[in-house]
file entry_16.pdb (PDB, C-alpha atoms and all ligand atoms)
ATOM      1  CA  MET A  19     141.452 -96.006-101.619
ATOM      2  CA  VAL A  20     141.021 -92.304-100.934
ATOM      3  CA  ALA A  21     139.724 -92.278 -97.369
ATOM      4  CA  THR A  22     141.767 -91.462 -94.279
ATOM      5  CA  ILE A  23     141.466 -94.309 -91.784
ATOM      6  CA  ILE A  24     140.365 -93.119 -88.353
ATOM      7  CA  ASP A  25     142.387 -95.190 -85.907
ATOM      8  CA  GLY A  26     140.017 -95.939 -83.030
ATOM      9  CA  LYS A  27     142.549 -98.137 -81.273
ATOM     10  CA  ALA A  28     145.086 -95.305 -81.021
ATOM     11  CA  PHE A  29     142.403 -92.741 -80.130
ATOM     12  CA  ALA A  30     141.014 -95.015 -77.402
ATOM     13  CA  ALA A  31     144.523 -95.331 -75.922
ATOM     14  CA  THR A  32     144.728 -91.518 -75.825
ATOM     15  CA  VAL A  33     141.331 -91.320 -74.081
ATOM     16  CA  ARG A  34     142.404 -93.953 -71.529
ATOM     17  CA  GLY A  35     145.591 -91.935 -70.944
ATOM     18  CA  LYS A  36     143.505 -88.822 -70.188
ATOM     19  CA  VAL A  37     141.312 -90.874 -67.842
ATOM     20  CA  ALA A  38     144.400 -92.244 -66.068
ATOM     21  CA  GLY A  39     145.739 -88.685 -65.640
ATOM     22  CA  HIS A  40     142.483 -87.513 -64.076
ATOM     23  CA  VAL A  41     142.325 -90.597 -61.822
ATOM     24  CA  ALA A  42     145.883 -89.895 -60.638
ATOM     25  CA  ARG A  43     144.946 -86.283 -59.777
ATOM     26  CA  LEU A  44     141.813 -87.390 -57.882
ATOM     27  CA  LYS A  45     143.975 -89.758 -55.882
ATOM     28  CA  ALA A  46     146.840 -87.334 -55.229
ATOM     29  CA  ASP A  47     144.780 -84.203 -54.492
ATOM     30  CA  HIS A  48     141.696 -85.662 -52.817
ATOM     31  CA  GLY A  49     142.496 -89.259 -51.820
ATOM     32  CA  ILE A  50     139.627 -90.470 -54.023
ATOM     33  CA  ILE A  51     139.781 -93.627 -56.142
ATOM     34  CA  PRO A  52     136.956 -93.959 -58.704
ATOM     35  CA  GLY A  53     135.228 -97.343 -58.596
ATOM     36  CA  LEU A  54     133.292 -99.176 -61.316
ATOM     37  CA  ALA A  55     130.971-102.071 -60.482
ATOM     38  CA  VAL A  56     130.051-104.458 -63.293
ATOM     39  CA  VAL A  57     127.195-106.911 -62.816
ATOM     40  CA  LEU A  58     127.031-109.995 -65.014
ATOM     41  CA  VAL A  59     124.076-112.369 -64.764
ATOM     42  CA  GLY A  60     124.588-115.772 -66.356
ATOM     43  CA  GLU A  61     127.343-117.112 -68.563
ATOM     44  CA  ASP A  62     126.879-115.627 -72.025
ATOM     45  CA  PRO A  63     130.376-116.128 -73.536
ATOM     46  CA  ALA A  64     130.516-112.774 -75.379
ATOM     47  CA  SER A  65     129.426-110.955 -72.203
ATOM     48  CA  GLN A  66     132.108-112.768 -70.182
ATOM     49  CA  VAL A  67     134.771-111.569 -72.627
ATOM     50  CA  TYR A  68     133.486-107.962 -72.429
ATOM     51  CA  VAL A  69     133.362-108.012 -68.628
ATOM     52  CA  ARG A  70     136.917-109.392 -68.328
ATOM     53  CA  SER A  71     138.205-106.766 -70.702
ATOM     54  CA  LYS A  72     136.374-103.967 -68.851
ATOM     55  CA  GLY A  73     137.770-105.130 -65.498
ATOM     56  CA  LYS A  74     141.333-105.250 -66.823
ATOM     57  CA  MET A  75     141.210-101.762 -68.349
ATOM     58  CA  THR A  76     139.517-100.289 -65.275
ATOM     59  CA  VAL A  77     142.476-101.405 -63.149
ATOM     60  CA  GLU A  78     144.992-100.262 -65.797
ATOM     61  CA  VAL A  79     143.775 -96.637 -65.543
ATOM     62  CA  GLY A  80     144.086 -96.776 -61.744
ATOM     63  CA  MET A  81     140.434 -97.232 -60.777
ATOM     64  CA  ASN A  82     138.874 -99.895 -58.576
ATOM     65  CA  SER A  83     136.955-102.644 -60.360
ATOM     66  CA  TYR A  84     134.198-104.577 -58.612
ATOM     67  CA  GLU A  85     132.805-107.568 -60.468
ATOM     68  CA  HIS A  86     129.564-109.230 -59.414
ATOM     69  CA  LYS A  87     128.881-112.495 -61.207
ATOM     70  CA  LEU A  88     125.439-113.907 -60.540
ATOM     71  CA  GLU A  89     123.867-117.232 -61.511
ATOM     72  CA  ALA A  90     121.706-117.273 -64.648
ATOM     73  CA  ASP A  91     118.622-118.069 -62.536
ATOM     74  CA  THR A  92     119.124-115.141 -60.126
ATOM     75  CA  SER A  93     115.759-113.652 -59.135
ATOM     76  CA  GLU A  94     114.812-110.089 -60.001
ATOM     77  CA  ALA A  95     114.512-109.322 -56.272
ATOM     78  CA  ASP A  96     118.097-110.461 -55.618
ATOM     79  CA  LEU A  97     119.450-108.462 -58.558
ATOM     80  CA  LEU A  98     117.544-105.348 -57.431
ATOM     81  CA  ALA A  99     118.893-105.814 -53.889
ATOM     82  CA  LEU A 100     122.457-105.867 -55.251
ATOM     83  CA  ILE A 101     121.814-102.704 -57.299
ATOM     84  CA  ASP A 102     120.413-101.033 -54.194
ATOM     85  CA  GLN A 103     123.552-101.931 -52.282
ATOM     86  CA  LEU A 104     125.792-100.565 -55.069
ATOM     87  CA  ASN A 105     123.676 -97.382 -55.274
ATOM     88  CA  THR A 106     124.471 -96.592 -51.639
ATOM     89  CA  ASP A 107     128.107 -97.742 -51.626
ATOM     90  CA  PRO A 108     130.301 -94.594 -51.545
ATOM     91  CA  GLU A 109     133.256 -96.488 -53.068
ATOM     92  CA  VAL A 110     131.197 -97.239 -56.202
ATOM     93  CA  HIS A 111     130.848 -94.324 -58.640
ATOM     94  CA  GLY A 112     129.738 -96.250 -61.718
ATOM     95  CA  ILE A 113     127.395 -99.232 -62.119
ATOM     96  CA  LEU A 114     127.042-101.262 -65.309
ATOM     97  CA  VAL A 115     124.643-104.176 -65.639
ATOM     98  CA  GLN A 116     125.827-106.208 -68.617
ATOM     99  CA  LEU A 117     123.136-106.730 -71.265
ATOM    100  CA  PRO A 118     121.444-108.823 -72.476
ATOM    101  CA  LEU A 119     119.951-110.134 -69.228
ATOM    102  CA  PRO A 120     118.417-113.625 -69.044
ATOM    103  CA  GLY A 121     114.819-113.630 -70.321
ATOM    104  CA  HIS A 122     113.096-113.834 -66.911
ATOM    105  CA  LEU A 123     114.535-110.462 -65.853
ATOM    106  CA  ASN A 124     112.876-107.166 -66.857
ATOM    107  CA  GLU A 125     115.724-105.162 -68.413
ATOM    108  CA  ALA A 126     114.014-101.762 -68.238
ATOM    109  CA  LEU A 127     113.070-102.286 -64.587
ATOM    110  CA  VAL A 128     116.623-103.310 -63.675
ATOM    111  CA  ILE A 129     118.318-100.456 -65.569
ATOM    112  CA  ASN A 130     115.939 -97.882 -64.087
ATOM    113  CA  ALA A 131     116.792 -99.134 -60.578
ATOM    114  CA  ILE A 132     120.378 -97.844 -60.986
ATOM    115  CA  ASP A 133     121.086 -94.429 -59.422
ATOM    116  CA  PRO A 134     121.116 -92.173 -62.542
ATOM    117  CA  ALA A 135     124.272 -90.445 -61.240
ATOM    118  CA  LYS A 136     126.059 -93.843 -61.294
ATOM    119  CA  ASP A 137     124.520 -95.004 -64.594
ATOM    120  CA  VAL A 138     127.745 -95.003 -66.625
ATOM    121  CA  ASP A 139     125.958 -96.705 -69.542
ATOM    122  CA  GLY A 140     123.562 -93.762 -69.819
ATOM    123  CA  PHE A 141     120.609 -96.129 -70.253
ATOM    124  CA  HIS A 142     118.487 -94.908 -67.290
ATOM    125  CA  ILE A 143     115.319 -93.127 -68.384
ATOM    126  CA  SER A 144     116.465 -89.960 -66.532
ATOM    127  CA  ASN A 145     119.715 -89.839 -68.484
ATOM    128  CA  VAL A 146     117.855 -90.447 -71.751
ATOM    129  CA  GLY A 147     115.609 -87.468 -70.915
ATOM    130  CA  LEU A 148     118.500 -85.267 -69.809
ATOM    131  CA  LEU A 149     120.375 -85.950 -73.044
ATOM    132  CA  ALA A 150     117.277 -85.304 -75.164
ATOM    133  CA  THR A 151     116.716 -81.945 -73.466
ATOM    134  CA  GLY A 152     120.357 -80.835 -73.694
ATOM    135  CA  GLN A 153     121.033 -81.132 -69.958
ATOM    136  CA  LYS A 154     124.040 -82.665 -68.221
ATOM    137  CA  ALA A 155     123.592 -86.446 -68.563
ATOM    138  CA  MET A 156     125.534 -89.672 -68.445
ATOM    139  CA  VAL A 157     125.869 -90.423 -72.173
ATOM    140  CA  PRO A 158     125.889 -93.956 -73.674
ATOM    141  CA  CYS A 159     129.478 -95.045 -74.301
ATOM    142  CA  THR A 160     129.407 -96.084 -77.965
ATOM    143  CA  PRO A 161     127.750 -92.910 -79.303
ATOM    144  CA  LEU A 162     130.000 -90.800 -77.042
ATOM    145  CA  GLY A 163     133.029 -92.535 -78.589
ATOM    146  CA  CYS A 164     131.689 -91.845 -82.095
ATOM    147  CA  LEU A 165     131.146 -88.170 -81.223
ATOM    148  CA  MET A 166     134.692 -87.846 -79.867
ATOM    149  CA  MET A 167     136.140 -89.330 -83.071
ATOM    150  CA  LEU A 168     134.002 -87.058 -85.265
ATOM    151  CA  ARG A 169     135.016 -83.935 -83.317
ATOM    152  CA  ASP A 170     138.651 -84.986 -83.406
ATOM    153  CA  HIS A 171     138.576 -85.548 -87.161
ATOM    154  CA  LEU A 172     136.267 -82.747 -88.308
ATOM    155  CA  GLY A 173     136.534 -80.074 -85.618
ATOM    156  CA  SER A 174     133.166 -78.299 -85.545
ATOM    157  CA  LEU A 175     130.210 -80.413 -86.702
ATOM    158  CA  SER A 176     127.910 -77.391 -86.878
ATOM    159  CA  GLY A 177     125.591 -77.355 -89.903
ATOM    160  CA  LEU A 178     126.718 -80.700 -91.312
ATOM    161  CA  ASN A 179     124.175 -83.202 -92.625
ATOM    162  CA  ALA A 180     124.380 -86.347 -90.505
ATOM    163  CA  VAL A 181     122.569 -89.604 -91.207
ATOM    164  CA  VAL A 182     122.368 -92.224 -88.469
ATOM    165  CA  ILE A 183     121.436 -95.603 -89.894
ATOM    166  CA  GLY A 184     119.727 -97.611 -87.152
ATOM    167  CA  ARG A 185     117.308 -96.551 -84.412
ATOM    168  CA  SER A 186     118.360 -98.558 -81.345
ATOM    169  CA  ASN A 187     118.087 -97.099 -77.851
ATOM    170  CA  ILE A 188     121.751 -97.916 -77.205
ATOM    171  CA  VAL A 189     123.323 -96.342 -80.312
ATOM    172  CA  GLY A 190     121.026 -94.848 -82.982
ATOM    173  CA  LYS A 191     118.775 -92.633 -80.876
ATOM    174  CA  PRO A 192     121.448 -91.245 -78.487
ATOM    175  CA  MET A 193     123.830 -90.746 -81.445
ATOM    176  CA  ALA A 194     121.195 -88.618 -83.161
ATOM    177  CA  GLN A 195     120.730 -86.568 -79.976
ATOM    178  CA  LEU A 196     124.461 -85.971 -79.639
ATOM    179  CA  LEU A 197     124.805 -84.888 -83.282
ATOM    180  CA  LEU A 198     121.833 -82.554 -82.847
ATOM    181  CA  GLY A 199     123.553 -81.184 -79.736
ATOM    182  CA  ASP A 200     126.545 -80.354 -81.940
ATOM    183  CA  SER A 201     124.200 -78.532 -84.381
ATOM    184  CA  CYS A 202     124.126 -81.123 -87.174
ATOM    185  CA  THR A 203     121.033 -81.555 -89.343
ATOM    186  CA  VAL A 204     120.160 -85.093 -88.348
ATOM    187  CA  THR A 205     118.230 -87.843 -90.118
ATOM    188  CA  ILE A 206     117.634 -91.252 -88.562
ATOM    189  CA  ALA A 207     117.273 -93.885 -91.284
ATOM    190  CA  HIS A 208     116.134 -97.465 -90.647
ATOM    191  CA  SER A 209     114.768-100.586 -92.259
ATOM    192  CA  ARG A 210     111.535 -98.867 -93.357
ATOM    193  CA  THR A 211     113.191 -95.719 -94.763
ATOM    194  CA  LYS A 212     112.238 -95.090 -98.402
ATOM    195  CA  ASP A 213     115.205 -94.802-100.775
ATOM    196  CA  ILE A 214     117.719 -95.128 -97.966
ATOM    197  CA  LEU A 215     120.573 -94.950-100.477
ATOM    198  CA  ALA A 216     119.568 -91.431-101.553
ATOM    199  CA  VAL A 217     119.125 -90.379 -97.908
ATOM    200  CA  SER A 218     122.574 -91.681 -97.021
ATOM    201  CA  ARG A 219     124.200 -90.042-100.058
ATOM    202  CA  ARG A 220     123.154 -86.594 -98.813
ATOM    203  CA  ALA A 221     125.152 -86.994 -95.617
ATOM    204  CA  ASP A 222     128.436 -85.355 -94.666
ATOM    205  CA  ILE A 223     128.505 -87.800 -91.726
ATOM    206  CA  VAL A 224     127.215 -91.377 -91.893
ATOM    207  CA  VAL A 225     126.977 -93.400 -88.683
ATOM    208  CA  ALA A 226     126.063 -97.013 -89.461
ATOM    209  CA  ALA A 227     124.574 -98.935 -86.530
ATOM    210  CA  VAL A 228     122.214-101.541 -87.901
ATOM    211  CA  GLY A 229     123.937-104.856 -87.174
ATOM    212  CA  ARG A 230     123.821-106.040 -90.796
ATOM    213  CA  PRO A 231     127.197-107.042 -92.224
ATOM    214  CA  GLN A 232     128.497-104.803 -95.043
ATOM    215  CA  MET A 233     125.067-103.341 -95.787
ATOM    216  CA  VAL A 234     126.354 -99.836 -96.562
ATOM    217  CA  THR A 235     128.314 -99.856 -99.818
ATOM    218  CA  GLY A 236     130.313 -97.135-101.554
ATOM    219  CA  ASP A 237     127.340 -95.986-103.643
ATOM    220  CA  TRP A 238     125.586 -94.933-100.378
ATOM    221  CA  ILE A 239     128.381 -92.483 -99.565
ATOM    222  CA  LYS A 240     128.779 -88.866-100.692
ATOM    223  CA  PRO A 241     132.338 -88.254-101.913
ATOM    224  CA  GLY A 242     134.439 -86.966 -99.022
ATOM    225  CA  ALA A 243     131.933 -87.900 -96.292
ATOM    226  CA  THR A 244     133.044 -89.161 -92.880
ATOM    227  CA  VAL A 245     131.869 -92.718 -92.190
ATOM    228  CA  ILE A 246     131.623 -94.133 -88.667
ATOM    229  CA  ASP A 247     130.981 -97.875 -88.665
ATOM    230  CA  VAL A 248     129.521 -99.106 -85.376
ATOM    231  CA  GLY A 249     128.760-102.641 -86.582
ATOM    232  CA  ILE A 250     130.665-105.679 -85.351
ATOM    233  CA  ASN A 251     129.518-108.744 -87.300
ATOM    234  CA  ARG A 252     131.189-112.125 -87.590
ATOM    235  CA  ILE A 253     130.940-113.663 -91.068
ATOM    236  CA  ASP A 254     132.308-116.789 -92.723
ATOM    237  CA  ALA A 255     135.728-116.314 -94.296
ATOM    238  CA  PRO A 256     136.391-119.339 -96.519
ATOM    239  CA  GLU A 257     139.377-117.460 -98.007
ATOM    240  CA  LYS A 258     141.098-117.878 -94.606
ATOM    241  CA  GLY A 259     140.452-121.621 -94.585
ATOM    242  CA  GLU A 260     137.604-123.975 -93.879
ATOM    243  CA  GLY A 261     135.380-122.970 -90.953
ATOM    244  CA  LYS A 262     137.211-119.655 -90.453
ATOM    245  CA  THR A 263     135.417-116.396 -89.718
ATOM    246  CA  ARG A 264     136.268-112.709 -89.657
ATOM    247  CA  LEU A 265     134.829-109.511 -88.212
ATOM    248  CA  VAL A 266     133.229-106.954 -90.511
ATOM    249  CA  GLY A 267     131.264-103.783 -89.923
ATOM    250  CA  ASP A 268     127.894-102.597 -91.189
ATOM    251  CA  CYS A 269     129.821-100.893 -94.002
ATOM    252  CA  ASP A 270     131.546-102.596 -96.884
ATOM    253  CA  PHE A 271     134.953-101.163 -96.006
ATOM    254  CA  ASP A 272     136.657-101.413 -99.397
ATOM    255  CA  SER A 273     133.950 -99.777-101.505
ATOM    256  CA  CYS A 274     133.155 -97.109 -98.855
ATOM    257  CA  ALA A 275     136.844 -96.249 -98.492
ATOM    258  CA  GLU A 276     137.001 -95.555-102.253
ATOM    259  CA  VAL A 277     134.509 -92.703-101.834
ATOM    260  CA  ALA A 278     134.624 -91.459 -98.224
ATOM    261  CA  GLY A 279     136.949 -88.763 -96.932
ATOM    262  CA  ALA A 280     137.492 -90.749 -93.727
ATOM    263  CA  ILE A 281     136.272 -94.038 -92.325
ATOM    264  CA  THR A 282     136.611 -96.120 -89.165
ATOM    265  CA  PRO A 283     137.768 -99.717 -89.723
ATOM    266  CA  VAL A 284     136.331-102.874 -88.132
ATOM    267  CA  PRO A 285     137.998-104.058 -85.992
ATOM    268  CA  GLY A 286     140.002-101.149 -84.585
ATOM    269  CA  GLY A 287     137.498 -98.319 -85.040
ATOM    270  CA  VAL A 288     134.531 -97.669 -82.781
ATOM    271  CA  GLY A 289     134.972-100.898 -80.764
ATOM    272  CA  PRO A 290     137.945 -99.848 -78.598
ATOM    273  CA  MET A 291     136.309 -96.452 -77.957
ATOM    274  CA  THR A 292     133.341 -97.991 -76.122
ATOM    275  CA  ILE A 293     135.321 -99.228 -73.113
ATOM    276  CA  ALA A 294     137.487 -96.079 -73.146
ATOM    277  CA  CYS A 295     134.273 -94.024 -72.858
ATOM    278  CA  LEU A 296     132.968 -96.271 -70.084
ATOM    279  CA  LEU A 297     136.113 -95.412 -68.112
ATOM    280  CA  ALA A 298     135.677 -91.744 -69.034
ATOM    281  CA  ASN A 299     132.065 -91.827 -67.784
ATOM    282  CA  THR A 300     133.168 -93.436 -64.519
ATOM    283  CA  VAL A 301     135.735 -90.727 -63.786
ATOM    284  CA  THR A 302     133.140 -88.089 -64.774
ATOM    285  CA  ALA A 303     130.557 -89.661 -62.419
ATOM    286  CA  CYS A 304     133.130 -89.756 -59.616
ATOM    287  CA  SER A 305     134.097 -86.111 -60.131
ATOM    288  CA  ARG A 306     130.444 -85.026 -60.144
ATOM    289  CA  ALA A 307     129.688 -87.098 -57.025
ATOM    290  CA  HIS A 308     132.412 -85.213 -55.160
ATOM    291  CA  GLY A 309     131.527 -81.785 -56.604
ATOM    292  CA  LEU A 310     134.888 -81.567 -58.367
ATOM    293  CA  ALA A 311     135.793 -80.296 -61.847
ATOM    294  CA  GLU A 312     134.953 -82.719 -64.640
ATOM    295  CA  PRO A 313     137.715 -84.103 -66.852
ATOM    296  CA  GLU A 314     138.091 -81.962 -69.969
ATOM    297  CA  GLY A 315     137.448 -83.509 -73.374
ATOM    298  CA  LEU A 316     135.882 -86.664 -71.939
ATOM    299  CA  THR A 317     132.237 -85.585 -71.899
ATOM    300  CA  ALA A 318     129.662 -84.605 -74.509
TER     301      ALA A 318
HETATM  302  N1  LIG B   1     126.308-105.456 -73.856
HETATM  303  C1  LIG B   1     126.993-105.172 -74.980
HETATM  304  N2  LIG B   1     127.422-103.891 -74.964
HETATM  305  C2  LIG B   1     127.011-103.369 -73.798
HETATM  306  C3  LIG B   1     127.166-102.088 -73.187
HETATM  307  O1  LIG B   1     127.751-101.156 -73.725
HETATM  308  N3  LIG B   1     126.596-101.957 -71.955
HETATM  309  C4  LIG B   1     125.922-102.962 -71.346
HETATM  310  N4  LIG B   1     125.395-102.717 -70.153
HETATM  311  N5  LIG B   1     125.758-104.151 -71.885
HETATM  312  C5  LIG B   1     126.311-104.350 -73.100
END
call {"tool": "encode", "arguments": {"input": "entry_16.pdb", "output": "structure tokens", "more": "lines below"}}
Ligand code: GUN
result
Amino acid sequence: MVATIIDGKAFAATVRGKVAGHVARLKADHGIIPGLAVVLVGEDPASQVYVRSKGKMTVEVGMNSYEHKLEADTSEADLLALIDQLNTDPEVHGILVQLPLPGHLNEALVINAIDPAKDVDGFHISNVGLLATGQKAMVPCTPLGCLMMLRDHLGSLSGLNAVVIGRSNIVGKPMAQLLLGDSCTVTIAHSRTKDILAVSRRADIVVAAVGRPQMVTGDWIKPGATVIDVGINRIDAPEKGEGKTRLVGDCDFDSCAEVAGAITPVPGGVGPMTIACLLANTVTACSRAHGLAEPEGLTA
């Protein structure tokens, strides 16, 4: 293996430490405690795990955590009424509605009901537009975490060729906007891209966010490139015993690490950065709401 491993777990702990420092200053100097409200509708097991983990880390950095767990058959009107209440609550600086929502609820309608200034996921149409036009936005957590790791590892990204594999609203598209904002030459590749291997091999930066286990192999990677693997896929692992599984990324770690200059592992790469950036966005939203200086190094 030639690649440096980018330790997302350690980096996320550093980010949470910076958030905790800023929270402590807000409390000491202004008597303000940032608050994050998380809304979970239904009982999707993966979502329950995420929400528990978010709540725990929110409290660990000194912020208030408000959890709202609603029945799976909650009506759209009731959910919108709760969002309205959170929008006007001065103790709440960040609102996250856990996705996916049950099928009877209109996700776009619900997300766009959140006050954009409290939209710590950065999914509101206003924040999408602000990001795309280079204005001050709330930025989606996973791409923000990827950007922080890239800046930390590479310094300036200016002029680099970046390929984002995947075109989702949550990762691919905002990631491309952020890389463009840092003056990369950006290509978004996807399932219909012709000769995707050749496209990927031109990149100094590859961000893989397709949700297909180990799709990107070493032959897709330019020697020395930086590879950010956003995928979290559970696959069978018969080598660990019958019925066992393991987590893998969208990149085939072993073959990519033979060629890349640096790579994020799965688990322990991008994953821990997402919640760290959610906390960062919450303290940013709180600072902005009070007209105070934003935390340095925690925004795009
Ligand atoms: N479900 C899985 N990841 C996320 C996330 O980052 N935000 C929200 N709102 N829902 C999710």
call {"tool": "closest_atom_pairs", "arguments": {"input": "entry_16.pdb", "of": "chain A", "to": "ligand LIG 1 (chain B)", "cutoff": "8 Å", "atoms": "only C-alpha atoms and all ligand atoms", "output": "Markdown table"}}
result
| residue | atom | partner | partner_atom | distance |
| --- | --- | --- | --- | --- |
| A:Ser65 | CA | B:LIG1 | N1 | 6.5 |
| A:Tyr68 | CA | B:LIG1 | C1 | 7.5 |
| A:Leu114 | CA | B:LIG1 | N4 | 5.3 |
| A:Val115 | CA | B:LIG1 | N4 | 4.8 |
| A:Gln116 | CA | B:LIG1 | N4 | 3.8 |
| A:Leu117 | CA | B:LIG1 | N5 | 3.7 |
| A:Pro118 | CA | B:LIG1 | N1 | 6.1 |
| A:Asp139 | CA | B:LIG1 | N3 | 5.8 |
| A:Pro158 | CA | B:LIG1 | O1 | 7.4 |
| A:Cys159 | CA | B:LIG1 | O1 | 6.4 |
| A:Thr160 | CA | B:LIG1 | O1 | 6.8 |
| A:Ile188 | CA | B:LIG1 | O1 | 7.7 |
| A:Thr292 | CA | B:LIG1 | O1 | 6.9 |
| A:Ile293 | CA | B:LIG1 | O1 | 7.8 |
call {"tool": "resolve_selection", "arguments": {"input": "entry_16.pdb", "expression": "the PyMOL selection byres (((chain A and resi 19) around 6) and not hetatm)", "output": "number ranges by chain"}}
result
A: 20-21, 275-276
call {"tool": "atom_distance", "arguments": {"input": "entry_16.pdb", "atom1": "CA of Asp237 in chain A", "atom2": "CA of Gly279 in chain A"}}
result
13.8 Å
call {"tool": "resolve_selection", "arguments": {"input": "entry_16.pdb", "expression": "the PyMOL selection byres (((chain A and resi 180) around 12) and not hetatm)", "output": "ChimeraX atom specification"}}
result
/A:165,168,175-179,181-183,190,193-207,217-226,239-240,243-246
call {"tool": "residues_around", "arguments": {"input": "entry_16.pdb", "residues": "Val248 in chain A", "least_positions_apart": "3", "cutoff": "10 Å", "atoms": "all atoms listed in the file", "output": "PyMOL selection string"}}
result
chain A and resi 160-161+164+183+189-190+225-229+245+251+267-269+282-285+287-289
call {"tool": "atom_distance", "arguments": {"input": "entry_16.pdb", "atom1": "CA of Val33 in chain A", "atom2": "CA of Cys274 in chain A"}}
result
26.7 Å
call {"tool": "atom_distance", "arguments": {"input": "entry_16.pdb", "atom1": "CA of Pro290 in chain A", "atom2": "CA of Gly26 in chain A"}}
result
6.3 Å
call {"tool": "residues_around", "arguments": {"input": "entry_16.pdb", "residues": "Leu58 in chain A", "least_positions_apart": "3", "cutoff": "12 Å", "atoms": "only C-alpha atoms", "output": "MDAnalysis selection string"}}
result
chainID A and resid 55 61:70 72:73 84:92 97 100:101 113:120
call {"tool": "resolve_selection", "arguments": {"input": "entry_16.pdb", "expression": "the PyMOL selection byres (((chain A and resi 313) around 10) and not hetatm)", "output": "PDB file with C-alpha atoms, in the frame of the given file"}}
result
ATOM      1  CA  LYS A  36     143.505 -88.822 -70.188  1.00  0.00           C
ATOM      2  CA  VAL A  37     141.312 -90.874 -67.842  1.00  0.00           C
ATOM      3  CA  GLY A  39     145.739 -88.685 -65.640  1.00  0.00           C
ATOM      4  CA  HIS A  40     142.483 -87.513 -64.076  1.00  0.00           C
ATOM      5  CA  VAL A  41     142.325 -90.597 -61.822  1.00  0.00           C
ATOM      6  CA  ALA A 298     135.677 -91.744 -69.034  1.00  0.00           C
ATOM      7  CA  ASN A 299     132.065 -91.827 -67.784  1.00  0.00           C
ATOM      8  CA  VAL A 301     135.735 -90.727 -63.786  1.00  0.00           C
ATOM      9  CA  THR A 302     133.140 -88.089 -64.774  1.00  0.00           C
ATOM     10  CA  SER A 305     134.097 -86.111 -60.131  1.00  0.00           C
ATOM     11  CA  ARG A 306     130.444 -85.026 -60.144  1.00  0.00           C
ATOM     12  CA  LEU A 310     134.888 -81.567 -58.367  1.00  0.00           C
ATOM     13  CA  ALA A 311     135.793 -80.296 -61.847  1.00  0.00           C
ATOM     14  CA  GLU A 312     134.953 -82.719 -64.640  1.00  0.00           C
ATOM     15  CA  GLU A 314     138.091 -81.962 -69.969  1.00  0.00           C
ATOM     16  CA  GLY A 315     137.448 -83.509 -73.374  1.00  0.00           C
ATOM     17  CA  LEU A 316     135.882 -86.664 -71.939  1.00  0.00           C
ATOM     18  CA  THR A 317     132.237 -85.585 -71.899  1.00  0.00           C
TER      19      THR A 317
END
call {"tool": "residues_around", "arguments": {"input": "entry_16.pdb", "residues": "Ala38 in chain A", "least_positions_apart": "6", "cutoff": "10 Å", "atoms": "only C-alpha atoms", "output": "MDAnalysis selection string"}}
result
chainID A and resid 32 44 76:81 297:298 301
call {"tool": "closest_residue", "arguments": {"input": "entry_16.pdb", "among": "A:Gly249, A:Gly309, A:Gly286, A:Gly53", "to": "Val234 in chain A", "atoms": "all atoms listed in the file"}}
result
A:Gly249
call {"tool": "closest_residue", "arguments": {"input": "entry_16.pdb", "among": "A:Ile250, A:Val146, A:Ala303, A:Leu296", "to": "Asp270 in chain A", "atoms": "all atoms listed in the file"}}
result
A:Ile250
call {"tool": "closest_residue", "arguments": {"input": "entry_16.pdb", "among": "A:Ser83, A:His111, A:Val56, A:Ala46", "to": "His308 in chain A", "atoms": "only C-alpha atoms"}}
result
A:His111
call {"tool": "closest_residue", "arguments": {"input": "entry_16.pdb", "among": "A:Leu127, A:Ile253, A:Val277, A:Val157", "to": "Thr235 in chain A", "atoms": "only C-alpha atoms"}}
result
A:Val277
call {"tool": "residues_around", "arguments": {"input": "entry_16.pdb", "residues": "Leu98 in chain A", "least_positions_apart": "4", "cutoff": "12 Å", "atoms": "all atoms listed in the file", "output": "number ranges by chain"}}
result
A: 57, 92-94, 102-105, 115, 123-133
